[in-house]
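Here is the file input25.txt (compact mmCIF, C-alpha atoms and all ligand atoms).
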```
# COMPACT_ATOMS: atom_id res chain seq x y z
CA MET A 1 77.50 -2.49 100.69
CA ASP A 2 80.56 -2.41 98.43
CA GLN A 3 82.25 0.98 98.96
CA TRP A 4 82.07 1.90 95.26
CA ARG A 5 78.41 0.94 94.74
CA TYR A 6 76.84 4.21 95.91
CA PHE A 7 78.94 6.17 93.43
CA GLU A 8 78.26 3.69 90.64
CA VAL A 9 74.50 4.06 91.05
CA THR A 10 74.40 7.80 91.69
CA HIS A 11 76.83 8.62 88.86
CA ALA A 12 75.40 6.20 86.30
CA ARG A 13 73.92 9.05 84.24
CA HIS A 14 77.00 11.28 84.37
CA GLY A 15 79.49 11.66 81.57
CA ILE A 16 81.56 14.31 83.33
CA MET A 17 81.35 13.59 87.07
CA ASN A 18 81.90 17.07 88.40
CA PRO A 19 79.98 20.36 88.20
CA ILE A 20 81.71 21.64 85.04
CA SER A 21 80.03 21.33 81.66
CA ALA A 22 81.62 19.97 78.48
CA ALA A 23 81.59 23.50 77.02
CA ARG A 24 83.72 24.77 79.92
CA LEU A 25 86.14 21.83 79.57
CA PHE A 26 86.54 22.64 75.87
CA GLU A 27 87.35 26.19 76.88
CA VAL A 28 89.97 24.93 79.34
CA GLY A 29 91.45 22.69 76.64
CA ASP A 30 91.60 25.60 74.23
CA VAL A 31 93.26 27.90 76.75
CA ILE A 32 95.95 25.39 77.74
CA GLY A 33 96.68 24.71 74.07
CA LEU A 34 95.80 21.03 73.68
CA ASP A 35 96.74 19.57 70.29
CA PRO A 36 97.50 16.13 68.79
CA THR A 37 101.01 16.17 70.30
CA THR A 38 99.73 16.73 73.86
CA ARG A 39 99.89 13.80 76.30
CA VAL A 40 97.38 14.00 79.15
CA LEU A 41 97.28 11.99 82.39
CA ASP A 42 93.90 12.10 84.15
CA ILE A 43 93.96 10.63 87.68
CA ALA A 44 90.52 9.63 88.99
CA CYS A 45 89.18 9.87 85.43
CA GLY A 46 85.71 8.48 86.25
CA HIS A 47 83.99 7.53 82.99
CA ALA A 48 86.93 9.11 81.07
CA GLU A 49 84.60 11.68 79.55
CA MET A 50 87.11 14.54 79.68
CA LEU A 51 89.82 12.49 77.94
CA MET A 52 87.37 11.39 75.24
CA LEU A 53 85.93 14.88 74.71
CA TRP A 54 89.42 16.33 74.45
CA HIS A 55 90.58 13.59 72.08
CA GLU A 56 87.58 14.25 69.83
CA ARG A 57 88.07 18.03 69.82
CA PHE A 58 91.86 18.46 70.03
CA GLY A 59 93.33 15.07 69.05
CA CYS A 60 95.34 14.80 72.27
CA THR A 61 96.12 11.34 73.66
CA GLY A 62 96.91 9.99 77.10
CA VAL A 63 96.17 7.85 80.10
CA GLY A 64 93.26 7.77 82.54
CA ILE A 65 93.19 5.87 85.81
CA ASP A 66 90.42 5.25 88.30
CA ALA A 67 90.18 3.14 91.44
CA SER A 68 86.51 2.22 91.07
CA PRO A 69 86.01 -1.05 89.18
CA TYR A 70 82.56 0.23 88.12
CA HIS A 71 83.74 3.57 86.77
CA ILE A 72 86.73 2.22 84.90
CA GLY A 73 84.54 -0.60 83.56
CA ARG A 74 82.08 1.95 82.19
CA ALA A 75 85.01 3.97 80.81
CA TRP A 76 86.23 0.88 78.91
CA GLU A 77 82.74 0.26 77.49
CA ARG A 78 82.27 3.89 76.50
CA LYS A 79 85.66 4.09 74.82
CA ALA A 80 85.08 0.80 72.94
CA ALA A 81 81.77 2.13 71.61
CA ARG A 82 82.90 5.66 70.84
CA LEU A 83 86.64 5.79 70.20
CA PRO A 84 87.90 2.22 69.79
CA ASP A 85 91.12 3.23 68.02
CA ALA A 86 92.04 6.26 70.10
CA ASP A 87 95.39 6.24 71.89
CA LEU A 88 93.79 6.52 75.32
CA ASP A 89 94.87 3.95 77.92
CA LEU A 90 92.34 3.54 80.71
CA LEU A 91 93.69 1.72 83.75
CA HIS A 92 92.14 0.37 86.92
CA ALA A 93 94.50 1.77 89.56
CA ASP A 94 94.63 3.75 92.77
CA GLY A 95 95.94 7.28 92.31
CA GLN A 96 98.07 7.04 95.40
CA GLU A 97 99.89 3.95 94.19
CA PHE A 98 100.07 4.72 90.49
CA ALA A 99 103.59 4.96 89.03
CA THR A 100 104.84 5.51 85.49
CA ASN A 101 108.06 6.53 83.82
CA GLU A 102 106.23 8.75 81.33
CA ARG A 103 106.16 12.49 82.00
CA PHE A 104 103.02 14.21 80.66
CA ASP A 105 102.28 17.63 79.19
CA VAL A 106 99.07 17.93 81.22
CA VAL A 107 98.30 16.12 84.48
CA ALA A 108 94.73 16.40 85.78
CA CYS A 109 92.66 15.42 88.77
CA LEU A 110 89.11 16.75 88.87
CA GLY A 111 87.02 16.15 91.96
CA ALA A 112 89.21 13.72 93.91
CA THR A 113 91.76 15.77 95.86
CA TRP A 114 91.09 13.70 98.98
CA ILE A 115 93.50 11.17 97.44
CA TRP A 116 96.39 13.46 98.46
CA ASP A 117 94.74 15.21 101.43
CA GLY A 118 93.60 18.33 99.63
CA PHE A 119 94.52 20.94 97.06
CA ALA A 120 98.17 21.56 98.05
CA GLY A 121 99.06 17.85 98.22
CA THR A 122 97.27 17.19 94.94
CA LEU A 123 99.10 19.90 93.02
CA SER A 124 102.46 18.54 94.25
CA ALA A 125 101.47 14.95 93.45
CA LEU A 126 100.28 15.88 89.94
CA ALA A 127 103.45 17.89 89.27
CA ALA A 128 105.55 14.77 89.86
CA PHE A 129 103.97 13.19 86.74
CA ALA A 130 104.42 16.26 84.54
CA LYS A 131 107.20 17.51 82.28
CA PRO A 132 109.06 20.63 83.40
CA GLY A 133 107.00 23.58 82.14
CA GLY A 134 103.93 21.33 81.87
CA ILE A 135 100.45 21.96 83.22
CA VAL A 136 98.64 20.70 86.30
CA LEU A 137 94.86 20.87 86.22
CA CYS A 138 92.86 20.43 89.38
CA GLY A 139 89.14 20.56 90.15
CA GLU A 140 88.47 21.51 93.75
CA PRO A 141 85.54 22.80 95.85
CA TYR A 142 85.90 26.21 97.51
CA TRP A 143 83.94 28.05 100.20
CA ILE A 144 81.63 30.83 99.04
CA ALA A 145 79.96 31.29 102.44
CA GLU A 146 80.34 29.84 105.91
CA PRO A 147 79.08 26.24 106.08
CA THR A 148 76.85 25.03 108.89
CA ALA A 149 78.09 22.51 111.45
CA ASP A 150 75.51 20.03 110.13
CA TYR A 151 76.87 20.38 106.63
CA LEU A 152 80.48 19.83 107.72
CA ARG A 153 79.38 16.76 109.66
CA HIS A 154 77.46 15.36 106.73
CA GLU A 155 80.33 15.88 104.30
CA ASP A 156 82.82 14.56 106.84
CA VAL A 157 85.05 17.62 106.33
CA THR A 158 86.22 20.54 108.45
CA ARG A 159 86.25 24.23 107.55
CA ALA A 160 89.97 23.77 106.79
CA THR A 161 89.45 20.95 104.28
CA PHE A 162 88.61 23.49 101.56
CA HIS A 163 89.66 27.10 101.01
CA GLU A 164 88.12 30.27 99.75
CA LEU A 165 88.74 31.09 96.11
CA ASP A 166 91.77 33.29 96.70
CA GLY A 167 93.13 30.76 99.19
CA CYS A 168 93.14 28.23 96.33
CA ARG A 169 94.95 30.71 94.12
CA LYS A 170 97.62 31.30 96.77
CA ILE A 171 98.23 27.56 97.17
CA GLY A 172 98.22 27.20 93.39
CA VAL A 173 101.04 29.65 92.82
CA GLU A 174 103.33 28.08 95.44
CA ASP A 175 106.45 26.23 94.29
CA GLY A 176 106.91 28.44 91.24
CA ARG A 177 103.61 27.56 89.55
CA GLU A 178 101.81 30.25 87.52
CA LEU A 179 98.05 30.59 87.20
CA ILE A 180 96.79 30.13 83.63
CA TRP A 181 93.05 29.64 84.02
CA MET A 182 90.21 29.11 86.46
CA ALA A 183 86.72 27.89 85.52
CA GLY A 184 84.24 28.21 88.38
CA SER A 185 81.03 26.21 88.20
CA THR A 186 77.67 27.93 87.96
CA THR A 187 74.71 27.08 90.19
CA GLU A 188 73.07 25.40 87.19
CA GLU A 189 76.12 23.17 86.71
CA TRP A 190 76.11 22.25 90.44
CA ASP A 191 72.39 21.49 90.35
CA ARG A 192 72.83 19.25 87.34
CA TYR A 193 75.75 17.40 88.91
CA GLU A 194 73.91 16.86 92.22
CA LEU A 195 70.41 16.11 90.97
CA LEU A 196 71.58 13.69 88.28
CA GLN A 197 72.59 11.58 91.27
CA ALA A 198 68.99 11.47 92.49
CA ALA A 199 67.90 10.59 88.95
CA GLY A 200 70.49 7.80 88.77
CA LEU A 201 69.11 6.31 91.96
CA ASP A 202 65.57 6.58 90.59
CA ASP A 203 66.71 4.59 87.53
CA LEU A 204 67.81 1.76 89.81
CA ALA A 205 64.60 1.92 91.84
CA ARG A 206 62.53 1.61 88.64
CA THR A 207 64.54 -1.08 86.93
CA ARG A 208 65.61 -3.18 89.94
CA PRO A 209 63.17 -2.50 92.76
CA ASP A 210 64.36 -5.60 94.65
CA ASP A 211 68.01 -4.58 94.71
CA PRO A 212 69.13 -5.30 98.29
CA ASP A 213 71.23 -2.10 98.44
CA LEU A 214 68.29 0.15 97.54
CA PRO A 215 67.16 1.13 101.08
CA ALA A 216 70.72 2.07 102.15
CA LEU A 217 71.37 3.90 98.89
CA ARG A 218 68.12 5.84 99.29
CA GLU A 219 68.88 6.83 102.86
CA ARG A 220 72.34 8.08 101.90
CA ARG A 221 71.05 9.99 98.88
CA ARG A 222 68.25 11.63 100.88
CA ALA A 223 70.80 12.92 103.38
CA ALA A 224 73.01 14.15 100.52
CA ASP A 225 70.10 15.98 98.83
CA ALA A 226 69.21 17.64 102.14
CA ALA A 227 72.82 18.71 102.77
CA TYR A 228 73.15 20.13 99.25
CA LEU A 229 69.87 22.00 99.22
CA SER A 230 70.10 23.31 102.79
CA CYS A 231 73.72 24.47 102.63
CA GLY A 232 76.03 23.11 99.91
CA ARG A 233 74.33 24.93 97.06
CA ARG A 234 74.92 28.32 98.66
CA CYS A 235 78.19 27.79 100.56
CA LEU A 236 80.33 25.65 98.26
CA GLY A 237 81.61 26.31 94.74
CA PHE A 238 83.73 24.12 92.47
CA ALA A 239 86.50 25.36 90.24
CA VAL A 240 88.89 23.85 87.74
CA TRP A 241 92.33 25.44 87.99
CA ALA A 242 95.18 25.30 85.47
CA PHE A 243 98.73 26.13 86.58
CA ARG A 244 101.94 26.16 84.54
CA LEU A 245 104.86 24.42 86.24
CA PRO A 246 108.31 25.97 86.32
CA ARG A 247 110.81 24.74 83.69
C1 LIG A 301 83.80 13.08 91.50
S1 LIG A 301 84.41 11.75 90.55
C2 LIG A 301 85.31 12.65 89.28
C3 LIG A 301 85.60 11.82 88.07
C4 LIG A 301 86.26 12.55 86.91
N1 LIG A 301 87.47 13.22 87.30
C5 LIG A 301 85.31 13.54 86.30
O1 LIG A 301 85.41 14.73 86.64
O2 LIG A 301 84.47 13.14 85.47
C6 LIG A 301 85.72 11.13 91.56
C7 LIG A 301 86.42 9.90 90.97
O3 LIG A 301 87.53 9.57 91.81
C8 LIG A 301 87.66 8.16 91.78
N2 LIG A 301 88.55 7.81 92.91
C9 LIG A 301 88.26 7.87 94.23
N3 LIG A 301 89.33 7.52 94.96
C10 LIG A 301 90.33 7.23 94.07
C11 LIG A 301 91.68 6.81 94.20
N4 LIG A 301 92.22 6.60 95.39
N5 LIG A 301 92.42 6.64 93.07
C12 LIG A 301 91.85 6.83 91.85
N6 LIG A 301 90.58 7.21 91.66
C13 LIG A 301 89.83 7.42 92.77
C14 LIG A 301 86.23 7.68 91.88
O4 LIG A 301 86.09 6.34 91.49
C15 LIG A 301 85.54 8.66 90.93
O5 LIG A 301 85.53 8.14 89.61
```
Could you write out this file's structure as structure tokens?
Amino acid sequence: MDQWRYFEVTHARHGIMNPISAARLFEVGDVIGLDPTTRVLDIACGHAEMLMLWHERFGCTGVGIDASPYHIGRAWERKAARLPDADLDLLHADGQEFATNERFDVVACLGATWIWDGFAGTLSALAAFAKPGGIVLCGEPYWIAEPTADYLRHEDVTRATFHELDGCRKIGVEDGRELIWMAGSTTEEWDRYELLQAAGLDDLARTRPDDPDLPALRERRRAADAAYLSCGRRCLGFAVWAFRLPR
């Protein structure tokens, strides 16, 4: 199966593809002072929902990039239908290889820190695209309780892949960065994010029951549901962090 297909199917119903609601992202945007002069770069933008929500509410403009041909394709369709004239450039690109001469006021990556091997590497990578004194915004899981060995195996992570909440804060304030805001997801937000994936798969099963990928997709989703409900829901949180860079 194409490596991006599972995520296409399981995230087909998502606008925002992480466990933070639109209301919380508006709050983040308010706190970091987005306005029509703000330029935002969103790496791993998914369906570009955050950029579009922020453009609609605050008038900010910017660039979104995503490596999945499915997600960026949906982002193009959604933008064409909703905000055809908005100054939002959505590019099909890999975050690791992306280069630009522009320096942004806000540089974000929500839910894809594996691109730079975790939270610390991501904050440094994002900072390289930002203006001095700009903002880096990062969405990252954190441990609430000890995970089981089965859970670590299923997620293909170690205990050291993620940190506890204050561990994230400590990494965040390295290199002269200052903490501005943290929005931690609620259990309801996690449930919605996870279970919308099961619903997305059910949509495919109903509309295209002969899809050749369906058995493999189902097996993978069943394992993911079991991992989430047996451990992930109680041991892992997700938070969006905003840090101000030094001038
Ligand atoms: C959990 S989703 C988050 C999407 C978006 N940030 C959001 O919160 O709505 C992770 C995204 O990372 C993208 N992605 C994965 N690896 C990537 C890479 N190397 N470069 C750019 N995007 C990548 C996936 O296609 C997916 O859209």
Check which residues fall inside 6 Å of ligand LIG 301 (chain A) when counting all atoms listed in the file, and print them as a PyMOL selection string. chain A and resi 16-18+44-46+66-68+71+94-96+109-112+115
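Counting from CA of Arg159 (chain A), the distance to CA of Glu194 (chain A) is 21.0 Å.
Going from CA of Leu204 (chain A) over to CA of Ala224 (chain A), you cover 17.2 Å.
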Identify, on the basis of only C-alpha atoms, every residue whose closest approach to region 80-92 of chain A does not exceed 8 Å; exclude the query and any residue fewer than 2 positions from it along the same chain; express the result as a VMD selection string. chain A and resid 48 51 to 52 55 61 to 69 72 75 to 78 94
What lies within 9 Å of Asn101 (chain A) using only C-alpha atoms, ignoring chain neighbours under 2 positions off, as a list in words?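 Selected residues are Ala99, Arg103 and Phe129 of chain A.
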Can you write just those residues out, C-alpha atoms, as a short mmCIF file (atom, residue, chain, number, x, y, z; two decimals), in the coordinates of the input?
```cif
data_model
loop_
_atom_site.label_atom_id
_atom_site.label_comp_id
_atom_site.auth_asym_id
_atom_site.auth_seq_id
_atom_site.Cartn_x
_atom_site.Cartn_y
_atom_site.Cartn_z
CA ALA A 99 103.59 4.96 89.03
CA ARG A 103 106.16 12.49 82.00
CA PHE A 129 103.97 13.19 86.74
#
```
If you count all atoms listed in the file, which residues fall within 7 Å of region 196-202 of chain A, apart from same-chain ones fewer than 2 positions away, as a PyMOL selection string? chain A and resi 9-13+192-194+204-206+221
Of the listed residues A:Arg177, A:Arg234, A:Lys79, A:His47, that which approaches Thr148 (chain A) most closely, counting all atoms listed in the file: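 Smallest separation from Thr148 (chain A) among the options: A:Arg234.
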